[in-house]
2 protein chains.
Amino acid sequence: MLSQPPFPSCPGRGDAPMIQAMSRAFEDFPIGTRLVSTGYPITADAIMDFGRKFDPQIFHHDPDAAEKTLFGGLAASGWHTAAVSMRLFVDAMDVAGGIIGMGVDELKWPNAVRPGDELRLEIEILQARHSKSRPGYGIIRIRNVTKNQRDEVVQSFMANTMLPRREADL
Amino acid sequence: MLSQPPFPSCPGRGDAPMIQAMSRAFEDFPIGTRLVSTGYPITADAIMDFGRKFDPQIFHHDPDAAEKTLFGGLAASGWHTAAVSMRLFVDAMDVAGGIIGMGVDELKWPNAVRPGDELRLEIEILQARHSKSRPGYGIIRIRNVTKNQRDEVVQSFMANTMLPRREADL
């Protein structure tokens, strides 16, 4: 089983009925809503594990060789940062019915993620509307910005996502 | 150690000196270049492992509950598809000096990735120019399209990436 990062503010995630009852839906995210996730620590081992599996370039999995690259040391794959940011998004949004990504734009990684960094995600709801093709769902446009412990932006993007409307549960 | 998918056409990846000598650089990817990766099999275990760690929504890690969702069964996280596609990209490009992602646009997941699918990546070089700020590097704009064994597009995006020019090795 894969190890999980600590999410002390999100207990009971495995208890589906409780989460269902407490869960949030489209109506809980009007335009202008802002959320901030908990922190997610990034270890050298996690960077290298992800790098070896999905992005086997020396600056992602070989600390010595990485010293001689543009990064000047080990740095996380941008897709690792994206995956971690998704974890923070799922936990911060807390929509038991699920959130489905439809498309992502302007995905950027302006600063490297290093071993020992702690990431957090800032979410802003830019648009919110009902789905025309799926009446039980709403579509929200979000800006997701991932920052490190020094408040430097390590990733940003905008996305359209689809999530259940509350009446769909009734 | 994490398991690796088979890449029969890319032997000796761990032999750095050989790869360095055989490696490709900016000059090997003129505008219009097209590459196709090897195949990458997607298992239910891999979908659920990634889902539990990075995208813990029921349609990514709970096969029974997933039946009752929009997906109608287990489906890979889009960020899992992105990570697998990066692996295929790194192996197909074979640039030992490394390729650094600068930004991604129009990232879409038009069809779900299912257990048992085999993915491949189609790469097209749209633009190629020298970096102004880093003389040893070139910048290429690519279109990356990931397809399954039925030729359905499961992911597409465009990206700017930076990679070493050959003269930088001399």
# chains A, B, ... in the order shown; residues from 1 in each chain; ligands from 1

$ residues_around --residues "Ser156 of chain A" --least-positions-apart "6" --cutoff "8 Å" --atoms "only C-alpha atoms" --output "compact mmCIF listing (two decimals) with N, CA, C and O atoms, in the first residue's frame"
# COMPACT_ATOMS: atom_id res chain seq x y z
N GLU A 106 -3.12 27.07 -19.32
CA GLU A 106 -2.09 27.92 -18.70
C GLU A 106 -1.42 27.24 -17.51
O GLU A 106 -1.18 27.86 -16.47
N LEU A 107 -1.13 25.96 -17.68
CA LEU A 107 -0.40 25.21 -16.64
C LEU A 107 1.07 25.61 -16.70
O LEU A 107 1.72 25.46 -17.72
N LYS A 108 1.57 26.15 -15.57
CA LYS A 108 2.96 26.63 -15.53
C LYS A 108 3.63 26.17 -14.24
O LYS A 108 2.96 25.98 -13.22
N TRP A 109 4.94 26.04 -14.32
CA TRP A 109 5.74 25.68 -13.14
C TRP A 109 6.86 26.72 -12.99
O TRP A 109 8.00 26.48 -13.39
N ARG A 143 -9.17 28.72 -10.52
CA ARG A 143 -7.74 29.00 -10.62
C ARG A 143 -7.07 28.28 -9.45
O ARG A 143 -7.45 28.50 -8.28
N ASN A 144 -6.15 27.41 -9.74
CA ASN A 144 -5.40 26.68 -8.72
C ASN A 144 -3.96 27.16 -8.71
O ASN A 144 -3.28 27.12 -9.75
N VAL A 145 -3.50 27.60 -7.56
CA VAL A 145 -2.12 28.08 -7.42
C VAL A 145 -1.46 27.31 -6.28
O VAL A 145 -1.96 27.33 -5.15
N THR A 146 -0.38 26.64 -6.59
CA THR A 146 0.36 25.87 -5.58
C THR A 146 1.59 26.68 -5.16
O THR A 146 2.33 27.15 -6.02

$ calpha_fit_and_write --fixed "chain B" --moving "chain A" --output "short mmCIF file (atom, residue, chain, number, x, y, z; two decimals) with N, CA and C atoms, in the first residue's frame"
data_model
loop_
_atom_site.label_atom_id
_atom_site.label_comp_id
_atom_site.auth_asym_id
_atom_site.auth_seq_id
_atom_site.Cartn_x
_atom_site.Cartn_y
_atom_site.Cartn_z
N MET A 1 11.45 -0.49 -4.41
CA MET A 1 11.63 0.14 -5.74
C MET A 1 10.32 0.00 -6.54
N LEU A 2 9.96 1.02 -7.22
CA LEU A 2 8.73 0.97 -7.99
C LEU A 2 8.93 0.12 -9.25
N SER A 3 7.87 -0.54 -9.63
CA SER A 3 7.95 -1.34 -10.85
C SER A 3 7.97 -0.42 -12.06
N GLN A 4 8.61 -0.86 -13.09
CA GLN A 4 8.71 -0.08 -14.31
C GLN A 4 7.98 -0.80 -15.43
N PRO A 5 7.32 -0.07 -16.31
CA PRO A 5 6.70 -0.71 -17.46
C PRO A 5 7.78 -1.18 -18.42
N PRO A 6 7.45 -2.16 -19.25
CA PRO A 6 8.46 -2.64 -20.20
C PRO A 6 8.67 -1.66 -21.34
N PHE A 7 9.92 -1.42 -21.69
CA PHE A 7 10.25 -0.60 -22.86
C PHE A 7 11.26 -1.37 -23.69
N PRO A 8 10.78 -2.42 -24.38
CA PRO A 8 11.71 -3.31 -25.07
C PRO A 8 12.55 -2.60 -26.13
N SER A 9 12.06 -1.48 -26.64
CA SER A 9 12.82 -0.82 -27.71
C SER A 9 13.83 0.17 -27.15
N CYS A 10 13.89 0.31 -25.84
CA CYS A 10 14.79 1.29 -25.23
C CYS A 10 15.72 0.61 -24.23
N PRO A 11 16.57 -0.32 -24.66
CA PRO A 11 17.45 -1.01 -23.72
C PRO A 11 18.57 -0.08 -23.25
N GLY A 12 19.19 -0.46 -22.16
CA GLY A 12 20.41 0.22 -21.73
C GLY A 12 20.19 1.60 -21.17
N ARG A 13 18.96 1.91 -20.75
CA ARG A 13 18.67 3.25 -20.26
C ARG A 13 19.53 3.61 -19.04
N GLY A 14 19.94 2.60 -18.27
CA GLY A 14 20.73 2.89 -17.09
C GLY A 14 22.21 3.11 -17.40
N ASP A 15 22.59 2.95 -18.64
CA ASP A 15 24.00 3.05 -19.04
C ASP A 15 24.28 4.47 -19.54
N ALA A 16 24.54 5.38 -18.62
CA ALA A 16 24.58 6.80 -18.95
C ALA A 16 25.57 7.16 -20.05
N PRO A 17 26.82 6.66 -20.00
CA PRO A 17 27.79 7.07 -21.04
C PRO A 17 27.31 6.69 -22.44
N MET A 18 26.74 5.47 -22.58
CA MET A 18 26.27 5.05 -23.90
C MET A 18 25.14 5.96 -24.37
N ILE A 19 24.22 6.23 -23.47
CA ILE A 19 23.10 7.09 -23.85
C ILE A 19 23.59 8.48 -24.22
N GLN A 20 24.53 9.00 -23.46
CA GLN A 20 25.06 10.33 -23.75
C GLN A 20 25.60 10.37 -25.18
N ALA A 21 26.34 9.33 -25.54
CA ALA A 21 26.95 9.31 -26.86
C ALA A 21 25.89 9.21 -27.95
N MET A 22 24.81 8.47 -27.66
CA MET A 22 23.79 8.23 -28.67
C MET A 22 22.68 9.28 -28.61
N SER A 23 22.74 10.13 -27.65
CA SER A 23 21.56 10.94 -27.32
C SER A 23 21.25 11.98 -28.39
N ARG A 24 20.03 12.46 -28.30
CA ARG A 24 19.56 13.48 -29.22
C ARG A 24 19.49 14.84 -28.53
N ALA A 25 19.45 15.88 -29.34
CA ALA A 25 19.44 17.25 -28.84
C ALA A 25 18.48 18.08 -29.69
N PHE A 26 18.39 19.36 -29.39
CA PHE A 26 17.48 20.29 -30.06
C PHE A 26 17.49 20.13 -31.58
N GLU A 27 18.68 19.99 -32.18
CA GLU A 27 18.80 19.95 -33.63
C GLU A 27 18.11 18.73 -34.25
N ASP A 28 17.82 17.74 -33.45
CA ASP A 28 17.19 16.51 -33.97
C ASP A 28 15.67 16.61 -34.06
N PHE A 29 15.11 17.78 -33.70
CA PHE A 29 13.66 17.91 -33.68
C PHE A 29 13.19 19.13 -34.45
N PRO A 30 13.44 19.16 -35.77
CA PRO A 30 12.97 20.31 -36.56
C PRO A 30 11.43 20.33 -36.62
N ILE A 31 10.92 21.50 -36.99
CA ILE A 31 9.47 21.66 -37.12
C ILE A 31 8.91 20.57 -38.04
N GLY A 32 7.81 19.98 -37.62
CA GLY A 32 7.18 18.95 -38.43
C GLY A 32 7.56 17.53 -38.03
N THR A 33 8.60 17.39 -37.20
CA THR A 33 8.99 16.05 -36.74
C THR A 33 7.82 15.39 -36.01
N ARG A 34 7.64 14.11 -36.30
CA ARG A 34 6.61 13.33 -35.60
C ARG A 34 7.24 12.08 -35.04
N LEU A 35 6.89 11.77 -33.81
CA LEU A 35 7.37 10.55 -33.17
C LEU A 35 6.18 9.82 -32.56
N VAL A 36 6.29 8.50 -32.49
CA VAL A 36 5.28 7.70 -31.81
C VAL A 36 5.99 6.83 -30.79
N SER A 37 5.48 6.82 -29.57
CA SER A 37 6.10 6.06 -28.49
C SER A 37 5.77 4.57 -28.59
N THR A 38 6.43 3.81 -27.75
CA THR A 38 6.00 2.43 -27.54
C THR A 38 4.70 2.42 -26.74
N GLY A 39 4.14 1.24 -26.48
CA GLY A 39 2.90 1.12 -25.73
C GLY A 39 3.14 1.02 -24.23
N TYR A 40 2.17 1.47 -23.45
CA TYR A 40 2.27 1.45 -21.99
C TYR A 40 0.97 0.85 -21.46
N PRO A 41 1.03 -0.37 -20.90
CA PRO A 41 -0.20 -1.00 -20.41
C PRO A 41 -0.65 -0.40 -19.08
N ILE A 42 -1.95 -0.18 -18.96
CA ILE A 42 -2.54 0.40 -17.75
C ILE A 42 -3.31 -0.70 -17.01
N THR A 43 -2.88 -0.99 -15.79
CA THR A 43 -3.55 -2.01 -15.00
C THR A 43 -4.51 -1.37 -13.99
N ALA A 44 -5.47 -2.17 -13.53
CA ALA A 44 -6.37 -1.69 -12.48
C ALA A 44 -5.58 -1.32 -11.23
N ASP A 45 -4.59 -2.13 -10.89
CA ASP A 45 -3.78 -1.82 -9.70
C ASP A 45 -3.08 -0.47 -9.83
N ALA A 46 -2.53 -0.20 -11.00
CA ALA A 46 -1.83 1.08 -11.20
C ALA A 46 -2.80 2.25 -11.09
N ILE A 47 -4.00 2.09 -11.66
CA ILE A 47 -5.02 3.15 -11.55
C ILE A 47 -5.36 3.41 -10.09
N MET A 48 -5.57 2.32 -9.34
CA MET A 48 -5.99 2.48 -7.94
C MET A 48 -4.84 2.99 -7.07
N ASP A 49 -3.61 2.54 -7.32
CA ASP A 49 -2.46 3.04 -6.55
C ASP A 49 -2.32 4.55 -6.73
N PHE A 50 -2.35 4.99 -7.98
CA PHE A 50 -2.21 6.42 -8.25
C PHE A 50 -3.39 7.18 -7.64
N GLY A 51 -4.58 6.63 -7.81
CA GLY A 51 -5.78 7.29 -7.28
C GLY A 51 -5.74 7.45 -5.77
N ARG A 52 -5.38 6.38 -5.05
CA ARG A 52 -5.34 6.47 -3.59
C ARG A 52 -4.34 7.51 -3.14
N LYS A 53 -3.22 7.60 -3.86
CA LYS A 53 -2.15 8.50 -3.41
C LYS A 53 -2.42 9.95 -3.80
N PHE A 54 -2.89 10.16 -5.04
CA PHE A 54 -2.93 11.53 -5.56
C PHE A 54 -4.33 12.05 -5.94
N ASP A 55 -5.29 11.16 -6.10
CA ASP A 55 -6.61 11.62 -6.59
C ASP A 55 -7.68 10.69 -6.02
N PRO A 56 -7.86 10.73 -4.67
CA PRO A 56 -8.69 9.71 -3.99
C PRO A 56 -10.19 9.96 -4.14
N GLN A 57 -10.67 9.84 -5.37
CA GLN A 57 -12.09 9.91 -5.66
C GLN A 57 -12.52 8.49 -6.05
N ILE A 58 -13.79 8.17 -5.72
CA ILE A 58 -14.16 6.75 -5.79
C ILE A 58 -14.01 6.15 -7.18
N PHE A 59 -14.18 6.97 -8.22
CA PHE A 59 -14.06 6.39 -9.57
C PHE A 59 -12.62 6.08 -9.96
N HIS A 60 -11.67 6.50 -9.10
CA HIS A 60 -10.26 6.19 -9.38
C HIS A 60 -9.69 5.08 -8.51
N HIS A 61 -10.41 4.68 -7.43
CA HIS A 61 -9.79 3.67 -6.57
C HIS A 61 -10.77 2.65 -6.00
N ASP A 62 -12.08 2.76 -6.26
CA ASP A 62 -13.05 1.82 -5.68
C ASP A 62 -13.91 1.25 -6.82
N PRO A 63 -13.53 0.09 -7.35
CA PRO A 63 -14.20 -0.44 -8.55
C PRO A 63 -15.71 -0.60 -8.38
N ASP A 64 -16.18 -1.05 -7.19
CA ASP A 64 -17.62 -1.24 -7.00
C ASP A 64 -18.35 0.09 -6.98
N ALA A 65 -17.85 1.02 -6.17
CA ALA A 65 -18.51 2.33 -6.09
C ALA A 65 -18.42 3.05 -7.43
N ALA A 66 -17.34 2.81 -8.17
CA ALA A 66 -17.16 3.50 -9.46
C ALA A 66 -18.26 3.15 -10.46
N GLU A 67 -18.85 1.96 -10.29
CA GLU A 67 -19.92 1.53 -11.21
C GLU A 67 -21.09 2.51 -11.21
N LYS A 68 -21.31 3.13 -10.05
CA LYS A 68 -22.49 4.00 -9.91
C LYS A 68 -22.19 5.46 -10.24
N THR A 69 -21.01 5.75 -10.73
CA THR A 69 -20.64 7.13 -11.05
C THR A 69 -20.80 7.40 -12.54
N LEU A 70 -20.58 8.64 -12.94
CA LEU A 70 -20.62 9.02 -14.35
C LEU A 70 -19.72 8.14 -15.21
N PHE A 71 -18.60 7.69 -14.63
CA PHE A 71 -17.65 6.87 -15.39
C PHE A 71 -18.18 5.45 -15.62
N GLY A 72 -19.10 4.98 -14.78
CA GLY A 72 -19.63 3.63 -14.94
C GLY A 72 -18.60 2.55 -14.70
N GLY A 73 -17.55 2.86 -13.97
CA GLY A 73 -16.49 1.89 -13.68
C GLY A 73 -15.19 2.62 -13.40
N LEU A 74 -14.19 1.83 -13.03
CA LEU A 74 -12.89 2.40 -12.68
C LEU A 74 -12.29 3.15 -13.88
N ALA A 75 -11.75 4.33 -13.62
CA ALA A 75 -11.09 5.12 -14.66
C ALA A 75 -9.86 5.77 -14.05
N ALA A 76 -8.82 5.93 -14.85
CA ALA A 76 -7.58 6.54 -14.36
C ALA A 76 -7.76 8.04 -14.13
N SER A 77 -7.12 8.55 -13.10
CA SER A 77 -7.02 10.00 -12.92
C SER A 77 -6.39 10.62 -14.16
N GLY A 78 -6.88 11.77 -14.56
CA GLY A 78 -6.26 12.48 -15.67
C GLY A 78 -4.78 12.76 -15.41
N TRP A 79 -4.43 12.98 -14.15
CA TRP A 79 -3.03 13.27 -13.81
C TRP A 79 -2.18 12.01 -13.88
N HIS A 80 -2.80 10.85 -13.74
CA HIS A 80 -2.10 9.59 -13.98
C HIS A 80 -1.80 9.44 -15.48
N THR A 81 -2.80 9.73 -16.29
CA THR A 81 -2.58 9.69 -17.74
C THR A 81 -1.47 10.67 -18.13
N ALA A 82 -1.47 11.84 -17.50
CA ALA A 82 -0.43 12.84 -17.78
C ALA A 82 0.95 12.31 -17.39
N ALA A 83 1.03 11.65 -16.24
CA ALA A 83 2.32 11.12 -15.77
C ALA A 83 2.82 10.01 -16.70
N VAL A 84 1.91 9.10 -17.08
CA VAL A 84 2.28 8.03 -18.01
C VAL A 84 2.73 8.62 -19.36
N SER A 85 2.02 9.64 -19.80
CA SER A 85 2.37 10.27 -21.07
C SER A 85 3.75 10.92 -21.00
N MET A 86 4.10 11.46 -19.83
CA MET A 86 5.44 12.05 -19.67
C MET A 86 6.49 10.96 -19.78
N ARG A 87 6.21 9.80 -19.19
CA ARG A 87 7.15 8.68 -19.30
C ARG A 87 7.37 8.30 -20.76
N LEU A 88 6.27 8.22 -21.50
CA LEU A 88 6.38 7.88 -22.91
C LEU A 88 7.13 8.97 -23.68
N PHE A 89 6.93 10.22 -23.29
CA PHE A 89 7.61 11.36 -23.94
C PHE A 89 9.11 11.29 -23.71
N VAL A 90 9.51 11.08 -22.45
CA VAL A 90 10.94 11.02 -22.11
C VAL A 90 11.62 9.90 -22.89
N ASP A 91 10.97 8.74 -22.95
CA ASP A 91 11.59 7.60 -23.64
C ASP A 91 11.62 7.79 -25.15
N ALA A 92 10.56 8.38 -25.70
CA ALA A 92 10.52 8.56 -27.16
C ALA A 92 11.49 9.65 -27.62
N MET A 93 11.61 10.70 -26.82
CA MET A 93 12.50 11.81 -27.22
C MET A 93 13.97 11.42 -27.05
N ASP A 94 14.29 10.72 -25.96
CA ASP A 94 15.65 10.22 -25.72
C ASP A 94 16.69 11.33 -25.77
N VAL A 95 16.49 12.35 -24.97
CA VAL A 95 17.43 13.46 -24.85
C VAL A 95 18.10 13.35 -23.48
N ALA A 96 19.33 12.81 -23.47
CA ALA A 96 19.98 12.55 -22.18
C ALA A 96 20.21 13.82 -21.39
N GLY A 97 20.39 14.95 -22.08
CA GLY A 97 20.60 16.22 -21.38
C GLY A 97 19.37 16.71 -20.65
N GLY A 98 18.22 16.11 -20.96
CA GLY A 98 16.99 16.46 -20.26
C GLY A 98 16.13 17.46 -21.02
N ILE A 99 14.83 17.36 -20.80
CA ILE A 99 13.86 18.26 -21.40
C ILE A 99 13.06 18.87 -20.26
N ILE A 100 13.02 20.21 -20.23
CA ILE A 100 12.37 20.91 -19.13
C ILE A 100 11.07 21.52 -19.63
N GLY A 101 9.98 21.17 -18.98
CA GLY A 101 8.67 21.72 -19.34
C GLY A 101 8.54 23.15 -18.86
N MET A 102 8.09 24.03 -19.75
CA MET A 102 7.95 25.45 -19.38
C MET A 102 6.49 25.83 -19.19
N GLY A 103 5.59 25.21 -19.92
CA GLY A 103 4.18 25.55 -19.78
C GLY A 103 3.34 24.66 -20.67
N VAL A 104 2.11 24.39 -20.24
CA VAL A 104 1.20 23.49 -20.94
C VAL A 104 -0.13 24.20 -21.15
N ASP A 105 -0.68 24.05 -22.36
CA ASP A 105 -1.98 24.65 -22.66
C ASP A 105 -2.91 23.59 -23.24
N GLU A 106 -4.19 23.89 -23.10
CA GLU A 106 -5.23 23.07 -23.74
C GLU A 106 -5.09 21.59 -23.37
N LEU A 107 -4.81 21.35 -22.10
CA LEU A 107 -4.75 19.96 -21.60
C LEU A 107 -6.17 19.43 -21.44
N LYS A 108 -6.47 18.34 -22.17
CA LYS A 108 -7.83 17.78 -22.15
C LYS A 108 -7.76 16.27 -22.01
N TRP A 109 -8.82 15.72 -21.44
CA TRP A 109 -8.95 14.26 -21.31
C TRP A 109 -10.30 13.85 -21.91
N PRO A 110 -10.39 13.74 -23.22
CA PRO A 110 -11.70 13.54 -23.86
C PRO A 110 -12.29 12.14 -23.70
N ASN A 111 -11.48 11.14 -23.39
CA ASN A 111 -12.01 9.79 -23.15
C ASN A 111 -11.33 9.20 -21.91
N ALA A 112 -12.07 8.39 -21.18
CA ALA A 112 -11.54 7.78 -19.96
C ALA A 112 -10.50 6.72 -20.27
N VAL A 113 -9.52 6.58 -19.38
CA VAL A 113 -8.55 5.48 -19.46
C VAL A 113 -9.01 4.38 -18.51
N ARG A 114 -9.12 3.16 -19.04
CA ARG A 114 -9.68 2.03 -18.30
C ARG A 114 -8.62 0.96 -18.03
N PRO A 115 -8.87 0.12 -17.02
CA PRO A 115 -7.96 -1.01 -16.80
C PRO A 115 -7.87 -1.87 -18.06
N GLY A 116 -6.67 -2.25 -18.42
CA GLY A 116 -6.46 -3.06 -19.62
C GLY A 116 -6.13 -2.24 -20.86
N ASP A 117 -6.31 -0.94 -20.78
CA ASP A 117 -5.94 -0.10 -21.93
C ASP A 117 -4.42 -0.12 -22.13
N GLU A 118 -4.02 0.10 -23.36
CA GLU A 118 -2.59 0.32 -23.65
C GLU A 118 -2.45 1.66 -24.33
N LEU A 119 -1.67 2.53 -23.71
CA LEU A 119 -1.55 3.90 -24.20
C LEU A 119 -0.28 4.07 -25.04
N ARG A 120 -0.36 4.96 -26.00
CA ARG A 120 0.84 5.37 -26.73
C ARG A 120 0.74 6.88 -26.97
N LEU A 121 1.89 7.48 -27.14
CA LEU A 121 1.95 8.94 -27.29
C LEU A 121 2.38 9.30 -28.69
N GLU A 122 1.68 10.23 -29.31
CA GLU A 122 2.08 10.78 -30.60
C GLU A 122 2.55 12.21 -30.37
N ILE A 123 3.77 12.50 -30.83
CA ILE A 123 4.42 13.78 -30.59
C ILE A 123 4.60 14.49 -31.93
N GLU A 124 4.28 15.76 -31.97
CA GLU A 124 4.53 16.56 -33.18
C GLU A 124 5.23 17.85 -32.77
N ILE A 125 6.30 18.19 -33.48
CA ILE A 125 7.04 19.42 -33.18
C ILE A 125 6.41 20.55 -34.00
N LEU A 126 5.84 21.55 -33.30
CA LEU A 126 5.12 22.64 -33.96
C LEU A 126 6.02 23.84 -34.23
N GLN A 127 6.92 24.11 -33.32
CA GLN A 127 7.83 25.25 -33.47
C GLN A 127 9.18 24.85 -32.88
N ALA A 128 10.25 25.51 -33.34
CA ALA A 128 11.58 25.24 -32.80
C ALA A 128 12.42 26.50 -32.95
N ARG A 129 13.01 26.96 -31.86
CA ARG A 129 13.85 28.18 -31.91
C ARG A 129 14.92 28.10 -30.83
N HIS A 130 15.95 28.91 -31.01
CA HIS A 130 16.98 28.98 -29.98
C HIS A 130 16.49 29.80 -28.81
N SER A 131 16.94 29.46 -27.62
CA SER A 131 16.60 30.25 -26.43
C SER A 131 17.40 31.55 -26.46
N LYS A 132 16.73 32.66 -26.19
CA LYS A 132 17.45 33.94 -26.14
C LYS A 132 18.21 34.08 -24.84
N SER A 133 17.63 33.63 -23.75
CA SER A 133 18.26 33.86 -22.45
C SER A 133 19.30 32.78 -22.12
N ARG A 134 19.17 31.60 -22.74
CA ARG A 134 20.13 30.52 -22.47
C ARG A 134 20.68 30.01 -23.79
N PRO A 135 21.85 30.50 -24.20
CA PRO A 135 22.38 30.20 -25.55
C PRO A 135 22.61 28.71 -25.80
N GLY A 136 22.83 27.92 -24.79
CA GLY A 136 23.07 26.50 -24.98
C GLY A 136 21.81 25.68 -25.17
N TYR A 137 20.66 26.35 -25.17
CA TYR A 137 19.40 25.62 -25.20
C TYR A 137 18.51 26.05 -26.36
N GLY A 138 17.63 25.14 -26.76
CA GLY A 138 16.60 25.45 -27.73
C GLY A 138 15.23 25.24 -27.10
N ILE A 139 14.22 25.86 -27.70
CA ILE A 139 12.85 25.71 -27.19
C ILE A 139 12.00 25.14 -28.31
N ILE A 140 11.31 24.06 -28.01
CA ILE A 140 10.40 23.49 -29.00
C ILE A 140 8.98 23.51 -28.45
N ARG A 141 8.06 23.81 -29.34
CA ARG A 141 6.63 23.73 -28.99
C ARG A 141 6.10 22.42 -29.56
N ILE A 142 5.46 21.65 -28.73
CA ILE A 142 5.02 20.31 -29.14
C ILE A 142 3.52 20.16 -28.96
N ARG A 143 2.95 19.28 -29.78
CA ARG A 143 1.60 18.78 -29.52
C ARG A 143 1.75 17.32 -29.11
N ASN A 144 1.27 16.98 -27.94
CA ASN A 144 1.32 15.61 -27.45
C ASN A 144 -0.10 15.06 -27.40
N VAL A 145 -0.31 13.94 -28.06
CA VAL A 145 -1.63 13.30 -28.08
C VAL A 145 -1.47 11.86 -27.62
N THR A 146 -2.16 11.50 -26.57
CA THR A 146 -2.11 10.14 -26.04
C THR A 146 -3.36 9.38 -26.49
N LYS A 147 -3.15 8.21 -27.07
CA LYS A 147 -4.27 7.42 -27.57
C LYS A 147 -4.27 6.04 -26.93
N ASN A 148 -5.44 5.42 -26.93
CA ASN A 148 -5.53 4.03 -26.45
C ASN A 148 -5.45 3.06 -27.63
N GLN A 149 -5.63 1.78 -27.32
CA GLN A 149 -5.47 0.73 -28.34
C GLN A 149 -6.58 0.77 -29.41
N ARG A 150 -7.62 1.57 -29.16
CA ARG A 150 -8.68 1.74 -30.16
C ARG A 150 -8.52 3.06 -30.91
N ASP A 151 -7.36 3.69 -30.76
CA ASP A 151 -7.06 4.97 -31.42
C ASP A 151 -7.93 6.11 -30.92
N GLU A 152 -8.55 5.95 -29.76
CA GLU A 152 -9.30 7.05 -29.16
C GLU A 152 -8.32 7.96 -28.40
N VAL A 153 -8.52 9.26 -28.53
CA VAL A 153 -7.67 10.22 -27.80
C VAL A 153 -8.10 10.24 -26.33
N VAL A 154 -7.16 9.97 -25.45
CA VAL A 154 -7.44 10.02 -24.01
C VAL A 154 -6.83 11.26 -23.36
N GLN A 155 -5.89 11.90 -24.06
CA GLN A 155 -5.31 13.15 -23.55
C GLN A 155 -4.68 13.91 -24.70
N SER A 156 -4.75 15.21 -24.65
CA SER A 156 -4.01 16.03 -25.62
C SER A 156 -3.61 17.33 -24.94
N PHE A 157 -2.48 17.87 -25.36
CA PHE A 157 -2.07 19.20 -24.92
C PHE A 157 -0.98 19.74 -25.82
N MET A 158 -0.70 21.02 -25.66
CA MET A 158 0.44 21.65 -26.32
C MET A 158 1.35 22.17 -25.22
N ALA A 159 2.64 22.18 -25.48
CA ALA A 159 3.59 22.60 -24.45
C ALA A 159 4.83 23.21 -25.07
N ASN A 160 5.44 24.11 -24.32
CA ASN A 160 6.77 24.62 -24.65
C ASN A 160 7.78 23.91 -23.74
N THR A 161 8.82 23.36 -24.37
CA THR A 161 9.85 22.68 -23.58
C THR A 161 11.23 23.15 -24.02
N MET A 162 12.16 23.08 -23.11
CA MET A 162 13.53 23.54 -23.37
C MET A 162 14.48 22.35 -23.31
N LEU A 163 15.40 22.27 -24.28
CA LEU A 163 16.33 21.14 -24.30
C LEU A 163 17.70 21.61 -24.83
N PRO A 164 18.75 20.89 -24.51
CA PRO A 164 20.10 21.34 -24.90
C PRO A 164 20.29 21.35 -26.42
N ARG A 165 21.04 22.36 -26.89
CA ARG A 165 21.52 22.34 -28.28
C ARG A 165 22.76 21.45 -28.33
N ARG A 166 23.01 20.83 -29.49
CA ARG A 166 24.09 19.88 -29.57
C ARG A 166 25.46 20.51 -29.28
N GLU A 167 25.64 21.73 -29.75
CA GLU A 167 26.95 22.37 -29.55
C GLU A 167 27.26 22.55 -28.07
N ALA A 168 26.24 22.52 -27.24
CA ALA A 168 26.47 22.67 -25.81
C ALA A 168 27.23 21.48 -25.24
N ASP A 169 27.21 20.34 -25.96
CA ASP A 169 27.92 19.14 -25.49
C ASP A 169 29.38 19.15 -25.94
N LEU A 170 29.72 20.02 -26.86
CA LEU A 170 31.07 19.94 -27.47
C LEU A 170 32.11 20.67 -26.64
#

$ select_by_dssp --residues "segment 22-150 of chain B" --states "strand (DSSP E or B)" --output "number ranges by chain"
B: 34-36, 40-41, 100-108, 118-130, 137-147

$ select_by_dssp --residues "chain A" --states "alpha helix (DSSP H)" --output "count of residues only"
42

$ decode --residues "segment 89-97 of chain B" --atoms "N, CA and C atoms" --output "PDB file, in the first residue's frame"
ATOM      1  N   PHE B  89       6.909  10.220 -23.250  1.00  0.00           N
ATOM      2  CA  PHE B  89       7.589  11.354 -23.892  1.00  0.00           C
ATOM      3  C   PHE B  89       9.100  11.294 -23.656  1.00  0.00           C
ATOM      4  N   VAL B  90       9.480  11.094 -22.404  1.00  0.00           N
ATOM      5  CA  VAL B  90      10.915  11.046 -22.062  1.00  0.00           C
ATOM      6  C   VAL B  90      11.604   9.914 -22.827  1.00  0.00           C
ATOM      7  N   ASP B  91      10.958   8.766 -22.884  1.00  0.00           N
ATOM      8  CA  ASP B  91      11.584   7.625 -23.551  1.00  0.00           C
ATOM      9  C   ASP B  91      11.622   7.809 -25.072  1.00  0.00           C
ATOM     10  N   ALA B  92      10.574   8.370 -25.631  1.00  0.00           N
ATOM     11  CA  ALA B  92      10.541   8.543 -27.092  1.00  0.00           C
ATOM     12  C   ALA B  92      11.506   9.637 -27.552  1.00  0.00           C
ATOM     13  N   MET B  93      11.627  10.698 -26.771  1.00  0.00           N
ATOM     14  CA  MET B  93      12.505  11.806 -27.160  1.00  0.00           C
ATOM     15  C   MET B  93      13.967  11.416 -26.979  1.00  0.00           C
ATOM     16  N   ASP B  94      14.301  10.718 -25.891  1.00  0.00           N
ATOM     17  CA  ASP B  94      15.656  10.216 -25.637  1.00  0.00           C
ATOM     18  C   ASP B  94      16.701  11.331 -25.687  1.00  0.00           C
ATOM     19  N   VAL B  95      16.485  12.346 -24.884  1.00  0.00           N
ATOM     20  CA  VAL B  95      17.418  13.471 -24.769  1.00  0.00           C
ATOM     21  C   VAL B  95      18.083  13.366 -23.406  1.00  0.00           C
ATOM     22  N   ALA B  96      19.324  12.833 -23.388  1.00  0.00           N
ATOM     23  CA  ALA B  96      19.979  12.578 -22.096  1.00  0.00           C
ATOM     24  C   ALA B  96      20.195  13.868 -21.310  1.00  0.00           C
ATOM     25  N   GLY B  97      20.370  14.981 -22.023  1.00  0.00           N
ATOM     26  CA  GLY B  97      20.574  16.252 -21.330  1.00  0.00           C
ATOM     27  C   GLY B  97      19.336  16.746 -20.612  1.00  0.00           C
TER      28      GLY B  97
END
